[in-house]
>>> print(open('work-v4.cif').read())   # mmCIF, C-alpha atoms, pLDDT in the B column; chains and numbers go by the auth columns
data_entry
loop_
_atom_site.group_PDB
_atom_site.id
_atom_site.type_symbol
_atom_site.label_atom_id
_atom_site.label_comp_id
_atom_site.label_asym_id
_atom_site.label_seq_id
_atom_site.Cartn_x
_atom_site.Cartn_y
_atom_site.Cartn_z
_atom_site.B_iso_or_equiv
_atom_site.auth_seq_id
_atom_site.auth_asym_id
ATOM 1 C CA MET A 1 137.579 39.160 16.264 86.00 5 A
ATOM 2 C CA GLN A 2 135.656 42.408 16.292 92.00 6 A
ATOM 3 C CA GLU A 3 134.652 44.072 19.530 94.00 7 A
ATOM 4 C CA VAL A 4 130.978 43.839 20.405 97.00 8 A
ATOM 5 C CA THR A 5 129.248 46.765 22.083 97.00 9 A
ATOM 6 C CA ILE A 6 126.010 45.889 23.830 98.00 10 A
ATOM 7 C CA TYR A 7 123.770 48.484 25.466 98.00 11 A
ATOM 8 C CA THR A 8 121.969 46.875 28.397 97.00 12 A
ATOM 9 C CA LYS A 9 119.724 47.518 31.373 96.00 13 A
ATOM 10 C CA PRO A 10 119.556 45.681 34.705 95.00 14 A
ATOM 11 C CA LEU A 11 117.366 42.569 35.040 95.00 15 A
ATOM 12 C CA CYS A 12 116.932 42.243 31.273 97.00 16 A
ATOM 13 C CA SER A 13 116.586 38.581 30.302 97.00 17 A
ATOM 14 C CA PHE A 14 117.202 39.398 26.636 97.00 18 A
ATOM 15 C CA CYS A 15 120.461 41.112 27.606 97.00 19 A
ATOM 16 C CA VAL A 16 121.527 38.051 29.598 97.00 20 A
ATOM 17 C CA ARG A 17 120.746 35.706 26.676 97.00 21 A
ATOM 18 C CA ALA A 18 122.623 37.859 24.178 98.00 22 A
ATOM 19 C CA ILE A 19 125.684 38.177 26.423 97.00 23 A
ATOM 20 C CA ALA A 20 125.685 34.415 27.080 97.00 24 A
ATOM 21 C CA LEU A 21 125.711 33.652 23.352 97.00 25 A
ATOM 22 C CA LEU A 22 128.465 36.183 22.692 97.00 26 A
ATOM 23 C CA ASN A 23 130.531 34.819 25.584 96.00 27 A
ATOM 24 C CA ASN A 24 130.147 31.300 24.159 95.00 28 A
ATOM 25 C CA LYS A 25 131.529 32.622 20.877 95.00 29 A
ATOM 26 C CA GLY A 26 134.527 34.137 22.681 94.00 30 A
ATOM 27 C CA ALA A 27 133.610 37.685 21.694 95.00 31 A
ATOM 28 C CA ALA A 28 135.222 40.699 23.345 94.00 32 A
ATOM 29 C CA ILE A 29 132.199 42.481 24.829 96.00 33 A
ATOM 30 C CA LYS A 30 131.942 46.099 25.860 97.00 34 A
ATOM 31 C CA ASN A 31 128.855 46.189 28.083 96.00 35 A
ATOM 32 C CA VAL A 32 127.340 49.684 28.316 97.00 36 A
ATOM 33 C CA SER A 33 124.691 50.042 31.002 96.00 37 A
ATOM 34 C CA ALA A 34 122.439 52.655 29.439 96.00 38 A
ATOM 35 C CA ALA A 35 119.195 52.501 31.408 92.00 39 A
ATOM 36 C CA PHE A 36 120.105 55.054 34.069 94.00 40 A
ATOM 37 C CA SER A 37 122.554 57.241 32.144 95.00 41 A
ATOM 38 C CA ARG A 38 120.992 59.863 29.926 96.00 42 A
ATOM 39 C CA ALA A 39 124.222 60.288 27.965 97.00 43 A
ATOM 40 C CA LYS A 40 124.623 56.540 27.341 97.00 44 A
ATOM 41 C CA ARG A 41 120.956 56.169 26.399 96.00 45 A
ATOM 42 C CA GLU A 42 121.236 59.047 23.925 97.00 46 A
ATOM 43 C CA GLU A 43 124.384 57.442 22.518 96.00 47 A
ATOM 44 C CA MET A 44 122.480 54.167 22.073 97.00 48 A
ATOM 45 C CA LEU A 45 119.536 55.925 20.411 96.00 49 A
ATOM 46 C CA SER A 46 121.850 57.783 18.050 96.00 50 A
ATOM 47 C CA ARG A 47 123.809 54.692 17.046 96.00 51 A
ATOM 48 C CA SER A 48 120.701 52.504 16.657 96.00 52 A
ATOM 49 C CA ASN A 49 118.640 55.013 14.659 94.00 53 A
ATOM 50 C CA GLY A 50 116.175 55.525 17.509 95.00 54 A
ATOM 51 C CA LYS A 51 115.726 51.920 18.663 95.00 55 A
ATOM 52 C CA THR A 52 114.666 51.988 22.312 94.00 56 A
ATOM 53 C CA THR A 53 114.578 48.307 23.290 95.00 57 A
ATOM 54 C CA TYR A 54 117.309 46.501 25.189 97.00 58 A
ATOM 55 C CA PRO A 55 119.759 45.230 24.314 98.00 59 A
ATOM 56 C CA GLN A 56 121.060 47.081 21.286 98.00 60 A
ATOM 57 C CA ILE A 57 124.030 45.202 19.849 98.00 61 A
ATOM 58 C CA PHE A 58 126.843 46.383 17.609 97.00 62 A
ATOM 59 C CA ILE A 59 129.517 44.137 16.142 96.00 63 A
ATOM 60 C CA GLY A 60 132.281 46.495 15.157 93.00 64 A
ATOM 61 C CA ASP A 61 130.361 49.339 13.527 92.00 65 A
ATOM 62 C CA THR A 62 127.524 47.097 12.322 94.00 66 A
ATOM 63 C CA HIS A 63 124.216 47.495 14.151 97.00 67 A
ATOM 64 C CA VAL A 64 122.834 44.000 14.662 96.00 68 A
ATOM 65 C CA GLY A 65 119.697 45.026 16.539 97.00 69 A
ATOM 66 C CA GLY A 66 118.460 43.233 19.625 97.00 70 A
ATOM 67 C CA CYS A 67 118.613 39.739 21.049 97.00 71 A
ATOM 68 C CA ASP A 68 116.160 38.287 18.519 97.00 72 A
ATOM 69 C CA GLU A 69 118.247 39.542 15.601 97.00 73 A
ATOM 70 C CA LEU A 70 121.435 38.196 17.199 97.00 74 A
ATOM 71 C CA MET A 71 119.835 34.768 17.660 97.00 75 A
ATOM 72 C CA ALA A 72 118.589 34.840 14.055 97.00 76 A
ATOM 73 C CA LEU A 73 122.151 35.490 12.849 97.00 77 A
ATOM 74 C CA GLU A 74 123.321 32.495 14.902 97.00 78 A
ATOM 75 C CA ARG A 75 120.579 30.221 13.501 96.00 79 A
ATOM 76 C CA ALA A 76 121.427 31.313 9.953 96.00 80 A
ATOM 77 C CA GLY A 77 125.110 30.545 10.513 94.00 81 A
ATOM 78 C CA LYS A 78 126.134 34.175 9.925 96.00 82 A
ATOM 79 C CA LEU A 79 127.213 35.272 13.411 96.00 83 A
ATOM 80 C CA GLU A 80 130.703 33.749 13.305 93.00 84 A
ATOM 81 C CA SER A 81 131.634 35.519 10.062 93.00 85 A
ATOM 82 C CA LEU A 82 130.292 38.844 11.310 94.00 86 A
ATOM 83 C CA LEU A 83 132.269 38.499 14.542 95.00 87 A
ATOM 84 C CA ASN A 84 135.365 37.730 12.453 93.00 88 A
ATOM 85 C CA GLY A 85 134.870 40.837 10.296 86.00 89 A
ATOM 86 C CA GLN A 86 133.871 39.013 7.141 79.00 90 A
#
>>> encode(input="work-v4.cif", output="structure tokens")
Amino acid sequence: MQEVTIYTKPLCSFCVRAIALLNNKGAAIKNVSAAFSRAKREEMLSRSNGKTTYPQIFIGDTHVGGCDELMALERAGKLESLLNGQ
């Protein structure tokens, strides 16, 4: 299973929902708190092509987007294969 990197901020309900779904899938999550770190926020902006909302989610090197996009992948039945590198 591919590692998931998720850029988060405190008290973000979308971050909590995304992490809960990924935990239910058994994903290895690297949680990067980016809200109060200029370097981490710039890293997030660079990797996400300027997206500023939280969370920003990456499965392996693939930028998924935010919580809504992650949930859409789950509803479409595509999240499992992406997590498994397919």
>>> residues_around(input="work-v4.cif", residues="Gly70 (chain A)", least_positions_apart="3", cutoff="12 Å", atoms="only C-alpha atoms", output="list in words")
Thr9, Ile10, Tyr11, Thr12, Cys16, Ser17, Phe18, Cys19, Val20, Arg21, Ala22, Ile23, Met48, Ser52, Lys55, Thr56, Thr57, Tyr58, Pro59, Gln60, Ile61, Phe62, Ile63, His67, Glu73, Leu74, Met75, Ala76 and Leu77 of chain A
>>> closest_residue(input="work-v4.cif", among="A:Arg79, A:Pro14, A:Asn53, A:Ser85", to="Val36 (chain A)", atoms="all atoms listed in the file")
A:Pro14
>>> closest_residue(input="work-v4.cif", among="A:Ser41, A:Gly81, A:Arg51, A:Gly89", to="Gly69 (chain A)", atoms="only C-alpha atoms")
A:Arg51
>>> residues_near_point(input="work-v4.cif", point="(132.0, 44.1, 21.8)", cutoff="7 Å", atoms="all atoms listed in the file", output="MDAnalysis selection string")
chainID A and resid 6:10 31:34 63
>>> atom_distance(input="work-v4.cif", atom1="CA of Ser37 (chain A)", atom2="CA of Ala80 (chain A)")
28.4 Å
>>> closest_residue(input="work-v4.cif", among="A:Thr66, A:Phe40, A:Leu49, A:Glu84", to="Leu25 (chain A)", atoms="all atoms listed in the file")
A:Glu84
>>> atom_distance(input="work-v4.cif", atom1="CA of Leu83 (chain A)", atom2="CA of Lys29 (chain A)")
9.0 Å
>>> axis_aligned_box(input="work-v4.cif", around="region 78-83 of chain A", padding_each_side="3 Å", output="AutoDock Vina command-line options")
--center_x 123.9 --center_y 32.7 --center_z 12.4 --size_x 12.6 --size_y 11.1 --size_z 11.0
>>> atom_distance(input="work-v4.cif", atom1="CA of Glu78 (chain A)", atom2="CA of Leu26 (chain A)")
10.0 Å
>>> closest_residue(input="work-v4.cif", among="A:Ala43, A:Met5, A:Ala38, A:Cys71", to="Ala24 (chain A)", atoms="only C-alpha atoms")
A:Cys71
>>> closest_residue(input="work-v4.cif", among="A:Leu87, A:Lys13, A:Asp65, A:Arg42", to="Gly30 (chain A)", atoms="all atoms listed in the file")
A:Leu87
>>> decode(input="work-v4.cif", residues="region 75-87 of chain A", atoms="N, CA and C atoms", output="PDB file, in the first residue's frame")
ATOM      1  N   MET A  75     -13.402  11.594  -0.944  1.00  0.00           N
ATOM      2  CA  MET A  75     -14.695  10.933  -0.782  1.00  0.00           C
ATOM      3  C   MET A  75     -15.284  10.531  -2.139  1.00  0.00           C
ATOM      4  N   ALA A  76     -15.076  11.366  -3.154  1.00  0.00           N
ATOM      5  CA  ALA A  76     -15.561  11.038  -4.496  1.00  0.00           C
ATOM      6  C   ALA A  76     -14.854   9.796  -5.038  1.00  0.00           C
ATOM      7  N   LEU A  77     -13.549   9.678  -4.782  1.00  0.00           N
ATOM      8  CA  LEU A  77     -12.820   8.476  -5.195  1.00  0.00           C
ATOM      9  C   LEU A  77     -13.393   7.241  -4.503  1.00  0.00           C
ATOM     10  N   GLU A  78     -13.719   7.367  -3.226  1.00  0.00           N
ATOM     11  CA  GLU A  78     -14.297   6.252  -2.470  1.00  0.00           C
ATOM     12  C   GLU A  78     -15.655   5.866  -3.052  1.00  0.00           C
ATOM     13  N   ARG A  79     -16.512   6.850  -3.313  1.00  0.00           N
ATOM     14  CA  ARG A  79     -17.845   6.566  -3.871  1.00  0.00           C
ATOM     15  C   ARG A  79     -17.754   5.912  -5.247  1.00  0.00           C
ATOM     16  N   ALA A  80     -16.749   6.299  -6.021  1.00  0.00           N
ATOM     17  CA  ALA A  80     -16.584   5.744  -7.369  1.00  0.00           C
ATOM     18  C   ALA A  80     -15.887   4.385  -7.352  1.00  0.00           C
ATOM     19  N   GLY A  81     -15.454   3.941  -6.172  1.00  0.00           N
ATOM     20  CA  GLY A  81     -14.793   2.646  -6.078  1.00  0.00           C
ATOM     21  C   GLY A  81     -13.347   2.665  -6.570  1.00  0.00           C
ATOM     22  N   LYS A  82     -12.736   3.833  -6.606  1.00  0.00           N
ATOM     23  CA  LYS A  82     -11.373   3.972  -7.135  1.00  0.00           C
ATOM     24  C   LYS A  82     -10.308   4.156  -6.074  1.00  0.00           C
ATOM     25  N   LEU A  83     -10.710   4.385  -4.827  1.00  0.00           N
ATOM     26  CA  LEU A  83      -9.723   4.684  -3.775  1.00  0.00           C
ATOM     27  C   LEU A  83      -8.836   3.491  -3.460  1.00  0.00           C
ATOM     28  N   GLU A  84      -9.427   2.310  -3.343  1.00  0.00           N
ATOM     29  CA  GLU A  84      -8.656   1.104  -3.027  1.00  0.00           C
ATOM     30  C   GLU A  84      -7.525   0.885  -4.025  1.00  0.00           C
ATOM     31  N   SER A  85      -7.838   0.965  -5.318  1.00  0.00           N
ATOM     32  CA  SER A  85      -6.812   0.711  -6.337  1.00  0.00           C
ATOM     33  C   SER A  85      -5.729   1.774  -6.299  1.00  0.00           C
ATOM     34  N   LEU A  86      -6.085   3.010  -6.042  1.00  0.00           N
ATOM     35  CA  LEU A  86      -5.081   4.067  -5.950  1.00  0.00           C
ATOM     36  C   LEU A  86      -4.174   3.836  -4.741  1.00  0.00           C
ATOM     37  N   LEU A  87      -4.763   3.447  -3.620  1.00  0.00           N
ATOM     38  CA  LEU A  87      -3.969   3.155  -2.427  1.00  0.00           C
ATOM     39  C   LEU A  87      -3.025   1.969  -2.670  1.00  0.00           C
TER      40      LEU A  87
END
